[in-house]
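Trainee: The structure's right below; bear with me while I get my questions together.
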2 protein chains.
Amino acid sequence: MARRVNATAASLLGFLHDGPQSGYDLVQTAEASIGDFWSLTRSQVYRELAAMADAGLVEAQEAGARDRRAYALTDAGRGAFRAWLSEPPAQEQIRYPLLLVLAFARHLPPGQLAGFVAAHRAEHVGRLAGYRRQRDEALAAGARPVDLVTLNFGLRYEEAVVDWFDHLPPEVTDG
Amino acid sequence: MARRVNATAASLLGFLHDGPQSGYDLVQTAEASIGDFWSLTRSQVYRELAAMADAGLVEAQEAGARDRRAYALTDAGRGAFRAWLSEPPAQEQIRYPLLLVLAFARHLPPGQLAGFVAAHRAEHVGRLAGYRRQRDEALAAGARPVDLVTLNFGLRYEEAVVDWFDHLPPEVTDG
DNA sequence: CCGTGACGGTCCACAGTGGACTGTGATGTG
DNA sequence: CACATCACAGTCCACTGTGGACCGTCACGG
């Protein structure tokens, strides 16, 4: 009985539906397609691939140049992926260190915060611009609404965050 | 030289500024005050307390009833906390399994998603209502804007998410 | 007086993060 | 051509984070 896979492993199985890929490829693929709301690291990918190979969910192919080793989906892997898809997804997790600092702001010398806040705001403004560009490109390429759901999440999220930054009280934004 | 503390340990040091607390207390305190954007678990709290006691950042007091053991801040702990506050906070992390499922929606039988989506929407609607109640209570109690910054983040976030849910294409919401 | 449940903590397995490190092939420049 | 450089591909480790199982202890209601 193939052990239940975790969400990260499942995402790898998902990508392998499009053909065998190496760990390195999978990191790139994942970063590009789900990286905005699902982080994963090299270490994790190789660990999961090894574990899934053990469990028969994927099959390692012959190593190519530079030890490059592609993994192919097996039927058991396809089954494990479908099983994962049918489980109710867990709630999202957010950890925001800046909010932690804000929560302890009374312990900070005044003015200390402004720089941190400005840097984070700039980061979010940049991400928002990036998402808008992505959306425009996708629409120009004829994407359907259903293709934009995850991108739209990012858009709304970043809009909300930038809006929040723009309504912070002066105690927090004045350097 | 007191080792640099991580954000979780630092938050414990922050809470201990208000007086000695046990690990159990700290879990409650943290859950109530920063739980919405900074998760931590029992295991982690006891682990960090032990490590910080080793490093001299906190001091364990005599065990009371039920092995209850309170920890008190030391000067080194106060220093480590201030050092942490002065570091630029990292970017936030979001991991949203539902988006992962949506990203792989083409592998799902139609109709499968609707239930998941509805459940998550309901959860967010509930959280939004809770935040609004909290805000109203805080305002009624005379809170200043600066006291509401983290709560406002939650409010804007949940508003954005619910709005996103309300604009999902029918392929995703129809059961 | 006893069952139940909140209190308070320990322990473990698994998952996730990030950096250090190794070696290899492609590439472009003197 | 030789060689420096850099992207590729993977390994490994320490630390951090998550969640559940488990244990004993006290308080309180029936």
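Chain labels run A, B, ... following the order of the structure tokens; each chain numbers its residues from 1, and ligands are numbered from 1 in the order shown.
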Give me the chain A side of the contact with chain B, cut-off 8 Å, one line per residue showing its nearest atom pair and distance in Å at one decimal, counting only C-alpha atoms, sorted by chain and residue number, as a tab-separated table.
Mentor:
```
residue	atom	partner	partner_atom	distance
A:Ala7	CA	B:Pro97	CA	7.2
A:Ser11	CA	B:Leu100	CA	7.5
A:Gly14	CA	B:Phe104	CA	6.9
A:Ile34	CA	B:Leu100	CA	7.0
A:Asp36	CA	B:Ile94	CA	8.0
A:Phe37	CA	B:Arg95	CA	5.0
A:Trp38	CA	B:Arg95	CA	4.9
A:Ser39	CA	B:Arg95	CA	6.9
A:Arg82	CA	B:Leu108	CA	7.9
A:Leu85	CA	B:Val101	CA	6.6
A:Ser86	CA	B:Gln112	CA	7.6
A:Pro88	CA	B:Phe116	CA	6.0
A:Pro89	CA	B:Leu98	CA	5.4
A:Ala90	CA	B:Pro97	CA	6.0
A:Gln91	CA	B:Tyr96	CA	6.7
A:Glu92	CA	B:Tyr96	CA	4.2
A:Gln93	CA	B:Arg95	CA	5.3
A:Ile94	CA	B:Ile94	CA	4.7
A:Arg95	CA	B:Trp38	CA	4.9
A:Tyr96	CA	B:Glu92	CA	4.2
A:Pro97	CA	B:Pro89	CA	5.5
A:Leu98	CA	B:Pro89	CA	5.4
A:Leu99	CA	B:Thr150	CA	6.1
A:Leu100	CA	B:Ile34	CA	7.0
A:Val101	CA	B:Leu85	CA	6.6
A:Leu102	CA	B:Thr150	CA	7.2
A:Ala103	CA	B:Thr150	CA	6.9
A:Phe104	CA	B:Gly14	CA	6.9
A:His107	CA	B:Arg82	CA	7.9
A:Leu108	CA	B:Leu85	CA	7.2
A:Gln112	CA	B:Ser86	CA	7.6
A:Phe116	CA	B:Pro88	CA	6.0
A:His120	CA	B:Gln91	CA	7.4
A:Pro145	CA	B:Pro169	CA	6.3
A:Val146	CA	B:Pro169	CA	6.0
A:Val149	CA	B:Leu168	CA	6.8
A:Thr150	CA	B:Leu99	CA	6.1
A:Asn152	CA	B:Trp164	CA	7.3
A:Phe153	CA	B:Trp164	CA	6.3
A:Arg156	CA	B:Ala160	CA	5.7
A:Tyr157	CA	B:Ala160	CA	6.1
A:Ala160	CA	B:Arg156	CA	5.7
A:Val161	CA	B:Tyr157	CA	7.1
A:Trp164	CA	B:Phe153	CA	6.3
A:Leu168	CA	B:Val149	CA	6.8
A:Pro169	CA	B:Val146	CA	6.0
A:Glu171	CA	B:Val146	CA	7.0
A:Val172	CA	B:Val146	CA	7.5
```
Trainee: Using only C-alpha atoms (C1' of nucleotides) and a distance of at most 8 Å, pull out the residues of chain B that contact chain C, as a PyMOL selection string.
Mentor: chain B and resi 24+66-68
Trainee: Select all residues from chain D having any atom no more than 12 Å from an atom of chain A (counting only C-alpha atoms (C1' of nucleotides), ignoring ligands), output as a short mmCIF file (atom, residue, chain, number, x, y, z; two decimals) with C-alpha atoms (C1' of nucleotides), in the first residue's frame.
Mentor:
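out.cif was written with the following content:
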```cif
data_model
loop_
_atom_site.label_atom_id
_atom_site.label_comp_id
_atom_site.auth_asym_id
_atom_site.auth_seq_id
_atom_site.Cartn_x
_atom_site.Cartn_y
_atom_site.Cartn_z
"C1'" DA D 7 25.28 27.23 -15.04
"C1'" DC D 8 23.98 22.63 -14.11
"C1'" DA D 9 22.97 18.74 -10.92
"C1'" DG D 10 23.18 16.73 -6.85
"C1'" DT D 11 24.52 15.75 -1.69
"C1'" DC D 12 24.56 16.78 2.98
"C1'" DC D 13 23.75 18.97 7.26
"C1'" DG D 17 8.47 24.11 12.19
"C1'" DT D 18 4.27 20.78 12.65
#
```
Trainee: From the DSSP assignment of the backbone, select every residue of range 55-168 of chain B that is helix (DSSP H, G or I), and format the answer as a PyMOL selection string.
Mentor: chain B and resi 65-67+75-85+97-103+105-107+112-140+145-166
Trainee: Which one of B:Ala80, B:Ala53, B:Val27, B:Pro20 sits closest to Val5 in chain B if you count only C-alpha atoms?
Mentor: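 Of the candidates, the smallest distance to Val5 in chain B is held by B:Ala80.
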Trainee: Could you work out how far CA of Ala63 in chain B lies from C1' of DT25 in chain D, giving the answer in Å with one decimal?
Mentor: 13.2 Å
